[in-house]
$ cat input19.cif   # mmCIF, C-alpha atoms
data_run
#
loop_
_atom_site.group_PDB
_atom_site.id
_atom_site.type_symbol
_atom_site.label_atom_id
_atom_site.label_comp_id
_atom_site.auth_asym_id
_atom_site.auth_seq_id
_atom_site.Cartn_x
_atom_site.Cartn_y
_atom_site.Cartn_z
ATOM 1 C CA MET A 966 0.890 6.524 16.365
ATOM 2 C CA GLY A 967 1.717 9.658 18.308
ATOM 3 C CA ASP A 968 1.314 8.508 21.886
ATOM 4 C CA GLU A 969 0.134 5.059 22.883
ATOM 5 C CA ARG A 970 -3.536 5.848 22.249
ATOM 6 C CA THR A 971 -3.692 8.200 19.279
ATOM 7 C CA ALA A 972 -4.172 7.271 15.630
ATOM 8 C CA LEU A 973 -2.493 9.705 13.255
ATOM 9 C CA ILE A 974 -4.014 8.400 10.052
ATOM 10 C CA ILE A 975 -6.443 5.667 9.036
ATOM 11 C CA GLY A 976 -7.198 4.190 5.656
ATOM 12 C CA LEU A 977 -9.258 1.342 4.272
ATOM 13 C CA SER A 978 -7.971 -1.063 1.658
ATOM 14 C CA PRO A 979 -9.415 -4.112 -0.084
ATOM 15 C CA GLY A 980 -8.921 -7.310 1.884
ATOM 16 C CA GLN A 981 -7.033 -9.002 -0.926
ATOM 17 C CA ARG A 982 -4.499 -6.171 -1.148
ATOM 18 C CA GLY A 983 -1.171 -6.660 0.624
ATOM 19 C CA ASP A 984 -0.254 -4.787 3.792
ATOM 20 C CA ALA A 985 2.933 -3.219 2.455
ATOM 21 C CA PRO A 986 1.393 -1.240 -0.473
ATOM 22 C CA ALA A 987 -1.361 0.088 1.814
ATOM 23 C CA GLY A 988 1.240 0.981 4.458
ATOM 24 C CA ARG A 989 3.341 2.877 1.903
ATOM 25 C CA GLU A 990 0.239 4.794 0.814
ATOM 26 C CA LEU A 991 -0.436 5.835 4.423
ATOM 27 C CA LEU A 992 3.197 6.901 4.862
ATOM 28 C CA ARG A 993 3.005 9.066 1.744
ATOM 29 C CA ARG A 994 -0.199 10.675 3.059
ATOM 30 C CA LEU A 995 1.540 11.457 6.360
ATOM 31 C CA GLY A 996 4.419 13.100 4.535
ATOM 32 C CA PRO A 997 7.901 13.986 5.765
ATOM 33 C CA VAL A 998 8.730 14.340 9.456
ATOM 34 C CA ALA A 999 11.553 16.011 11.344
ATOM 35 C CA GLY A 1000 13.802 14.520 13.985
ATOM 36 C CA ARG A 1001 14.031 10.921 12.681
ATOM 37 C CA PRO A 1002 11.366 9.348 14.915
ATOM 38 C CA ALA A 1003 11.258 5.564 15.105
ATOM 39 C CA LEU A 1004 8.661 3.865 12.924
ATOM 40 C CA ILE A 1005 7.948 0.472 14.476
ATOM 41 C CA MET A 1006 6.679 -1.789 11.715
ATOM 42 C CA ASP A 1007 5.226 -5.269 11.549
ATOM 43 C CA ARG A 1008 7.250 -7.937 9.749
ATOM 44 C CA ALA A 1009 4.958 -7.543 6.725
ATOM 45 C CA TYR A 1010 6.739 -4.241 6.042
ATOM 46 C CA HIS A 1011 10.295 -5.605 5.881
ATOM 47 C CA GLY A 1012 10.620 -4.990 2.132
ATOM 48 C CA ASP A 1013 13.299 -2.679 0.748
ATOM 49 C CA GLN A 1014 10.742 -0.369 -0.876
ATOM 50 C CA THR A 1015 8.827 0.226 2.362
ATOM 51 C CA ARG A 1016 11.930 0.700 4.503
ATOM 52 C CA GLN A 1017 13.444 3.094 1.932
ATOM 53 C CA LEU A 1018 10.256 5.173 1.775
ATOM 54 C CA ALA A 1019 10.258 5.401 5.578
ATOM 55 C CA ARG A 1020 13.874 6.638 5.531
ATOM 56 C CA ASP A 1021 13.133 9.091 2.698
ATOM 57 C CA LEU A 1022 10.307 10.600 4.758
ATOM 58 C CA GLY A 1023 12.582 11.037 7.779
ATOM 59 C CA TYR A 1024 11.678 7.983 9.853
ATOM 60 C CA ARG A 1025 14.002 5.423 11.388
ATOM 61 C CA PRO A 1026 12.417 2.069 10.409
ATOM 62 C CA VAL A 1027 12.360 -0.542 13.169
ATOM 63 C CA VAL A 1028 11.545 -3.945 11.691
ATOM 64 C CA PRO A 1029 13.366 -7.265 12.040
ATOM 65 C CA PRO A 1030 14.668 -8.934 8.900
ATOM 66 C CA PRO A 1031 13.206 -12.317 7.979
ATOM 67 C CA SER A 1032 15.512 -15.238 8.712
ATOM 68 C CA TYR A 1033 16.081 -15.913 5.002
ATOM 69 C CA ARG A 1034 17.166 -12.333 4.247
ATOM 70 C CA ASN A 1035 20.821 -12.000 3.294
ATOM 71 C CA PRO A 1036 22.266 -9.528 3.938
ATOM 72 C CA SER A 1037 20.199 -8.747 6.993
ATOM 73 C CA TRP A 1038 20.152 -5.509 8.975
ATOM 74 C CA SER A 1039 20.244 -4.496 12.596
ATOM 75 C CA TYR A 1040 17.235 -3.050 14.426
ATOM 76 C CA ASP A 1041 16.410 -1.877 17.930
ATOM 77 C CA ARG A 1042 15.009 -5.022 19.606
ATOM 78 C CA ASP A 1043 13.867 -3.178 22.734
ATOM 79 C CA LEU A 1044 11.966 -0.629 20.685
ATOM 80 C CA TYR A 1045 10.440 -3.356 18.493
ATOM 81 C CA ARG A 1046 8.896 -4.920 21.593
ATOM 82 C CA ARG A 1047 6.633 -1.860 21.799
ATOM 83 C CA ARG A 1048 4.865 -2.972 18.617
ATOM 84 C CA ASN A 1049 2.256 -4.597 20.855
ATOM 85 C CA GLU A 1050 0.902 -1.094 21.565
ATOM 86 C CA VAL A 1051 -0.364 -0.985 17.983
ATOM 87 C CA GLU A 1052 -1.929 -4.424 18.374
ATOM 88 C CA ARG A 1053 -3.660 -3.307 21.578
ATOM 89 C CA PHE A 1054 -4.980 -0.254 19.727
ATOM 90 C CA PHE A 1055 -6.673 -2.489 17.150
ATOM 91 C CA CYS A 1056 -8.034 -4.714 19.910
ATOM 92 C CA ARG A 1057 -9.677 -1.675 21.502
ATOM 93 C CA LEU A 1058 -11.357 -0.866 18.179
ATOM 94 C CA LYS A 1059 -12.503 -4.449 17.716
ATOM 95 C CA ARG A 1060 -14.395 -4.344 21.017
ATOM 96 C CA PHE A 1061 -17.136 -2.898 18.856
ATOM 97 C CA ARG A 1062 -18.809 -5.829 17.101
ATOM 98 C CA ARG A 1063 -19.805 -3.634 14.178
ATOM 99 C CA ILE A 1064 -16.123 -2.941 13.496
ATOM 100 C CA ALA A 1065 -14.763 -6.406 14.295
ATOM 101 C CA THR A 1066 -17.195 -8.115 11.905
ATOM 102 C CA ARG A 1067 -17.153 -5.406 9.203
ATOM 103 C CA TYR A 1068 -20.935 -5.222 9.543
ATOM 104 C CA ASP A 1069 -21.362 -2.185 7.266
ATOM 105 C CA LYS A 1070 -21.143 -2.654 3.516
ATOM 106 C CA LEU A 1071 -20.297 0.945 2.592
ATOM 107 C CA ASP A 1072 -16.780 2.173 3.326
ATOM 108 C CA LEU A 1073 -18.088 5.594 4.370
ATOM 109 C CA ILE A 1074 -20.366 4.118 7.044
ATOM 110 C CA PHE A 1075 -17.693 1.700 8.275
ATOM 111 C CA LEU A 1076 -15.106 4.483 8.507
ATOM 112 C CA SER A 1077 -17.625 6.669 10.345
ATOM 113 C CA PHE A 1078 -18.033 4.002 13.016
ATOM 114 C CA ILE A 1079 -14.257 3.688 13.286
ATOM 115 C CA HIS A 1080 -14.114 7.426 13.961
ATOM 116 C CA LEU A 1081 -16.831 7.096 16.606
ATOM 117 C CA ALA A 1082 -14.867 4.283 18.246
ATOM 118 C CA LEU A 1083 -11.737 6.450 18.210
ATOM 119 C CA ILE A 1084 -13.639 9.291 19.875
ATOM 120 C CA TRP A 1085 -14.992 6.895 22.508
ATOM 121 C CA ASP A 1086 -11.484 5.539 23.081
ATOM 122 C CA ALA A 1087 -10.064 9.061 23.488
ATOM 123 C CA LEU A 1088 -12.789 9.971 25.974
ATOM 124 C CA GLN A 1089 -11.749 7.021 28.146
ATOM 125 C CA LEU A 1090 -8.575 8.973 28.971
ATOM 126 C CA LEU A 1091 -10.543 11.835 30.565
#

$ encode --input "input19.cif" --output "structure tokens"
Amino acid sequence: MGDERTALIIGLSPGQRGDAPAGRELLRRLGPVAGRPALIMDRAYHGDQTRQLARDLGYRPVVPPPSYRNPSWSYDRDLYRRRNEVERFFCRLKRFRRIATRYDKLDLIFLSFIHLALIWDALQLL
């Protein structure tokens, strides 16, 4: 996310697919960045492959290690607390029943309504 209210990229994936492979696909679509910005990730993205891809693209991954992980790594705890901004973003989208319940069967229609919700959300800032 760029600022607290802007989606940079959105993608749909099958429900049975894991979060980490879909997240890596989105990162590849975003491509490299300059300046080593922080990439605050959910715990589902703690894997070596995802964190390495983030570093390769120029990000500084911020994700806590699971308790069983040895060796573990350090991360910015204060920055990780901002992850709730992403959760609030999804909550704003899910205010629309059509999106929250995945009412539409076709991906194209569903994604179109997500875009409309994003436009509505952006207009709330004006």

$ closest_residue --input "input19.cif" --among "A:Asp1072, A:Ser1077, A:Ala985, A:Ala1082" --to "Arg1060 in chain A" --atoms "only C-alpha atoms"
A:Ala1082

$ closest_residue --input "input19.cif" --among "A:Asp1013, A:Glu990, A:Asp1086, A:Asp1007" --to "Pro1036 in chain A" --atoms "all atoms listed in the file"
A:Asp1013

$ closest_residue --input "input19.cif" --among "A:Arg989, A:Arg1001, A:Arg1042, A:Arg1067" --to "Gly1023 in chain A" --atoms "all atoms listed in the file"
A:Arg1001

$ residues_around --input "input19.cif" --residues "Leu1058 in chain A" --least-positions-apart "2" --cutoff "12 Å" --atoms "all atoms listed in the file" --output "list in words"
Arg970, Thr971, Ala972, Val1051, Glu1052, Arg1053, Phe1054, Phe1055, Cys1056, Arg1060, Phe1061, Arg1062, Arg1063, Ile1064, Ala1065, Thr1066, Arg1067, Leu1076, Phe1078, Ile1079, His1080, Leu1081, Ala1082, Leu1083, Ile1084, Trp1085, Asp1086 and Ala1087 of chain A

$ closest_residue --input "input19.cif" --among "A:Leu992, A:Leu1088, A:Val998, A:Ile974" --to "Gln1014 in chain A" --atoms "all atoms listed in the file"
A:Leu992

$ resolve_selection --input "input19.cif" --expression "the PyMOL selection byres ((chain A and resi 1025) around 9)" --output "MDAnalysis selection string"
chainID A and resid 1001:1005 1016 1019:1020 1023:1024 1026:1027

$ atom_distance --input "input19.cif" --atom1 "CA of Tyr1033 in chain A" --atom2 "CA of Ala1009 in chain A"
14.0 Å

$ closest_residue --input "input19.cif" --among "A:Arg1034, A:Met1006, A:Leu977, A:Leu1022" --to "Asn1049 in chain A" --atoms "all atoms listed in the file"
A:Met1006

$ atom_distance --input "input19.cif" --atom1 "CA of Leu1018 in chain A" --atom2 "CA of Arg994 in chain A"
11.9 Å

$ closest_residue --input "input19.cif" --among "A:Gln1089, A:Val1028, A:Pro979, A:Arg1057" --to "Leu1044 in chain A" --atoms "all atoms listed in the file"
A:Val1028

$ resolve_selection --input "input19.cif" --expression "the PyMOL selection byres ((chain A and resi 1029) around 8)" --output "PDB file with C-alpha atoms, keeping the file's coordinate frame"
ATOM      1  CA  ARG A1008       7.250  -7.937   9.749  1.00  0.00           C
ATOM      2  CA  HIS A1011      10.295  -5.605   5.881  1.00  0.00           C
ATOM      3  CA  VAL A1027      12.360  -0.542  13.169  1.00  0.00           C
ATOM      4  CA  VAL A1028      11.545  -3.945  11.691  1.00  0.00           C
ATOM      5  CA  PRO A1030      14.668  -8.934   8.900  1.00  0.00           C
ATOM      6  CA  PRO A1031      13.206 -12.317   7.979  1.00  0.00           C
ATOM      7  CA  TRP A1038      20.152  -5.509   8.975  1.00  0.00           C
ATOM      8  CA  SER A1039      20.244  -4.496  12.596  1.00  0.00           C
ATOM      9  CA  TYR A1040      17.235  -3.050  14.426  1.00  0.00           C
TER      10      TYR A1040
END

$ axis_aligned_box --input "input19.cif" --around "range 1013-1028 of chain A" --padding-each-side "8 Å" --output "AutoDock Vina command-line options"
--center_x 11.4 --center_y 3.5 --center_z 6.1 --size_x 21.2 --size_y 31.0 --size_z 30.0

$ atom_distance --input "input19.cif" --atom1 "CA of Gly980 in chain A" --atom2 "CA of Glu1050 in chain A"
22.9 Å

$ residues_around --input "input19.cif" --residues "Asp1021 in chain A" --least-positions-apart "6" --cutoff "10 Å" --atoms "only C-alpha atoms" --output "ChimeraX atom specification"
/A:996-998,1015

$ build_atoms --input "input19.cif" --residues "range 1001-1012 of chain A" --atoms "all heavy atoms" --output "PDB file, keeping the file's coordinate frame"
ATOM      1  N   ARG A1001      13.834  12.372  12.832  1.00  0.00           N
ATOM      2  CA  ARG A1001      14.031  10.921  12.681  1.00  0.00           C
ATOM      3  C   ARG A1001      13.355  10.083  13.765  1.00  0.00           C
ATOM      4  O   ARG A1001      14.012   9.315  14.473  1.00  0.00           O
ATOM      5  CB  ARG A1001      15.520  10.583  12.615  1.00  0.00           C
ATOM      6  CG  ARG A1001      16.037  10.661  11.200  1.00  0.00           C
ATOM      7  CD  ARG A1001      17.448  10.188  11.011  1.00  0.00           C
ATOM      8  NE  ARG A1001      17.828   8.860  11.436  1.00  0.00           N
ATOM      9  CZ  ARG A1001      17.576   7.733  10.769  1.00  0.00           C
ATOM     10  NH1 ARG A1001      16.890   7.773   9.657  1.00  0.00           N
ATOM     11  NH2 ARG A1001      18.009   6.572  11.203  1.00  0.00           N
ATOM     12  N   PRO A1002      12.033  10.197  13.924  1.00  0.00           N
ATOM     13  CA  PRO A1002      11.366   9.348  14.915  1.00  0.00           C
ATOM     14  C   PRO A1002      11.371   7.890  14.457  1.00  0.00           C
ATOM     15  O   PRO A1002      11.438   7.594  13.260  1.00  0.00           O
ATOM     16  CB  PRO A1002       9.938   9.892  14.951  1.00  0.00           C
ATOM     17  CG  PRO A1002       9.742  10.497  13.602  1.00  0.00           C
ATOM     18  CD  PRO A1002      11.088  11.038  13.201  1.00  0.00           C
ATOM     19  N   ALA A1003      11.297   6.996  15.415  1.00  0.00           N
ATOM     20  CA  ALA A1003      11.258   5.564  15.105  1.00  0.00           C
ATOM     21  C   ALA A1003       9.890   5.217  14.533  1.00  0.00           C
ATOM     22  O   ALA A1003       8.863   5.712  14.987  1.00  0.00           O
ATOM     23  CB  ALA A1003      11.521   4.752  16.364  1.00  0.00           C
ATOM     24  N   LEU A1004       9.886   4.388  13.520  1.00  0.00           N
ATOM     25  CA  LEU A1004       8.661   3.865  12.924  1.00  0.00           C
ATOM     26  C   LEU A1004       8.690   2.356  13.123  1.00  0.00           C
ATOM     27  O   LEU A1004       9.375   1.627  12.417  1.00  0.00           O
ATOM     28  CB  LEU A1004       8.581   4.222  11.432  1.00  0.00           C
ATOM     29  CG  LEU A1004       7.356   3.725  10.689  1.00  0.00           C
ATOM     30  CD1 LEU A1004       6.080   4.356  11.260  1.00  0.00           C
ATOM     31  CD2 LEU A1004       7.480   4.037   9.214  1.00  0.00           C
ATOM     32  N   ILE A1005       7.962   1.893  14.135  1.00  0.00           N
ATOM     33  CA  ILE A1005       7.948   0.472  14.476  1.00  0.00           C
ATOM     34  C   ILE A1005       6.967  -0.214  13.543  1.00  0.00           C
ATOM     35  O   ILE A1005       5.783   0.104  13.535  1.00  0.00           O
ATOM     36  CB  ILE A1005       7.558   0.266  15.948  1.00  0.00           C
ATOM     37  CG1 ILE A1005       8.503   1.052  16.851  1.00  0.00           C
ATOM     38  CG2 ILE A1005       7.565  -1.209  16.294  1.00  0.00           C
ATOM     39  CD1 ILE A1005       8.070   1.107  18.294  1.00  0.00           C
ATOM     40  N   MET A1006       7.490  -1.158  12.752  1.00  0.00           N
ATOM     41  CA  MET A1006       6.679  -1.789  11.715  1.00  0.00           C
ATOM     42  C   MET A1006       6.566  -3.291  11.942  1.00  0.00           C
ATOM     43  O   MET A1006       7.488  -3.915  12.453  1.00  0.00           O
ATOM     44  CB  MET A1006       7.308  -1.531  10.338  1.00  0.00           C
ATOM     45  CG  MET A1006       7.451  -0.069  10.005  1.00  0.00           C
ATOM     46  SD  MET A1006       8.015   0.245   8.324  1.00  0.00           S
ATOM     47  CE  MET A1006       9.662  -0.434   8.332  1.00  0.00           C
ATOM     48  N   ASP A1007       5.447  -3.834  11.533  1.00  0.00           N
ATOM     49  CA  ASP A1007       5.226  -5.269  11.549  1.00  0.00           C
ATOM     50  C   ASP A1007       6.147  -5.921  10.521  1.00  0.00           C
ATOM     51  O   ASP A1007       6.609  -5.292   9.585  1.00  0.00           O
ATOM     52  CB  ASP A1007       3.754  -5.515  11.197  1.00  0.00           C
ATOM     53  CG  ASP A1007       3.356  -6.950  11.356  1.00  0.00           C
ATOM     54  OD1 ASP A1007       3.248  -7.416  12.504  1.00  0.00           O
ATOM     55  OD2 ASP A1007       3.155  -7.609  10.323  1.00  0.00           O
ATOM     56  N   ARG A1008       6.374  -7.212  10.676  1.00  0.00           N
ATOM     57  CA  ARG A1008       7.250  -7.937   9.749  1.00  0.00           C
ATOM     58  C   ARG A1008       6.760  -7.895   8.306  1.00  0.00           C
ATOM     59  O   ARG A1008       7.529  -8.100   7.382  1.00  0.00           O
ATOM     60  CB  ARG A1008       7.404  -9.386  10.191  1.00  0.00           C
ATOM     61  CG  ARG A1008       8.221  -9.530  11.449  1.00  0.00           C
ATOM     62  CD  ARG A1008       8.320 -10.990  11.855  1.00  0.00           C
ATOM     63  NE  ARG A1008       8.935 -11.131  13.149  1.00  0.00           N
ATOM     64  CZ  ARG A1008      10.221 -11.381  13.335  1.00  0.00           C
ATOM     65  NH1 ARG A1008      11.015 -11.503  12.308  1.00  0.00           N
ATOM     66  NH2 ARG A1008      10.698 -11.500  14.547  1.00  0.00           N
ATOM     67  N   ALA A1009       5.487  -7.628   8.087  1.00  0.00           N
ATOM     68  CA  ALA A1009       4.958  -7.543   6.725  1.00  0.00           C
ATOM     69  C   ALA A1009       5.566  -6.370   5.958  1.00  0.00           C
ATOM     70  O   ALA A1009       5.487  -6.321   4.737  1.00  0.00           O
ATOM     71  CB  ALA A1009       3.443  -7.393   6.771  1.00  0.00           C
ATOM     72  N   TYR A1010       6.192  -5.444   6.667  1.00  0.00           N
ATOM     73  CA  TYR A1010       6.739  -4.241   6.042  1.00  0.00           C
ATOM     74  C   TYR A1010       8.258  -4.284   5.924  1.00  0.00           C
ATOM     75  O   TYR A1010       8.907  -3.262   5.842  1.00  0.00           O
ATOM     76  CB  TYR A1010       6.318  -3.004   6.842  1.00  0.00           C
ATOM     77  CG  TYR A1010       4.823  -2.895   6.968  1.00  0.00           C
ATOM     78  CD1 TYR A1010       4.169  -3.323   8.108  1.00  0.00           C
ATOM     79  CD2 TYR A1010       4.059  -2.389   5.935  1.00  0.00           C
ATOM     80  CE1 TYR A1010       2.790  -3.247   8.222  1.00  0.00           C
ATOM     81  CE2 TYR A1010       2.684  -2.304   6.029  1.00  0.00           C
ATOM     82  CZ  TYR A1010       2.060  -2.735   7.171  1.00  0.00           C
ATOM     83  OH  TYR A1010       0.706  -2.661   7.276  1.00  0.00           O
ATOM     84  N   HIS A1011       8.839  -5.482   5.897  1.00  0.00           N
ATOM     85  CA  HIS A1011      10.295  -5.605   5.881  1.00  0.00           C
ATOM     86  C   HIS A1011      10.909  -5.314   4.511  1.00  0.00           C
ATOM     87  O   HIS A1011      12.117  -5.193   4.394  1.00  0.00           O
ATOM     88  CB  HIS A1011      10.721  -7.003   6.342  1.00  0.00           C
ATOM     89  CG  HIS A1011      10.527  -8.048   5.286  1.00  0.00           C
ATOM     90  ND1 HIS A1011       9.337  -8.717   5.141  1.00  0.00           N
ATOM     91  CD2 HIS A1011      11.346  -8.504   4.317  1.00  0.00           C
ATOM     92  CE1 HIS A1011       9.445  -9.560   4.129  1.00  0.00           C
ATOM     93  NE2 HIS A1011      10.661  -9.452   3.610  1.00  0.00           N
ATOM     94  N   GLY A1012      10.105  -5.169   3.483  1.00  0.00           N
ATOM     95  CA  GLY A1012      10.620  -4.990   2.132  1.00  0.00           C
ATOM     96  C   GLY A1012      11.465  -3.736   1.960  1.00  0.00           C
ATOM     97  O   GLY A1012      11.282  -2.733   2.644  1.00  0.00           O
TER      98      GLY A1012
END
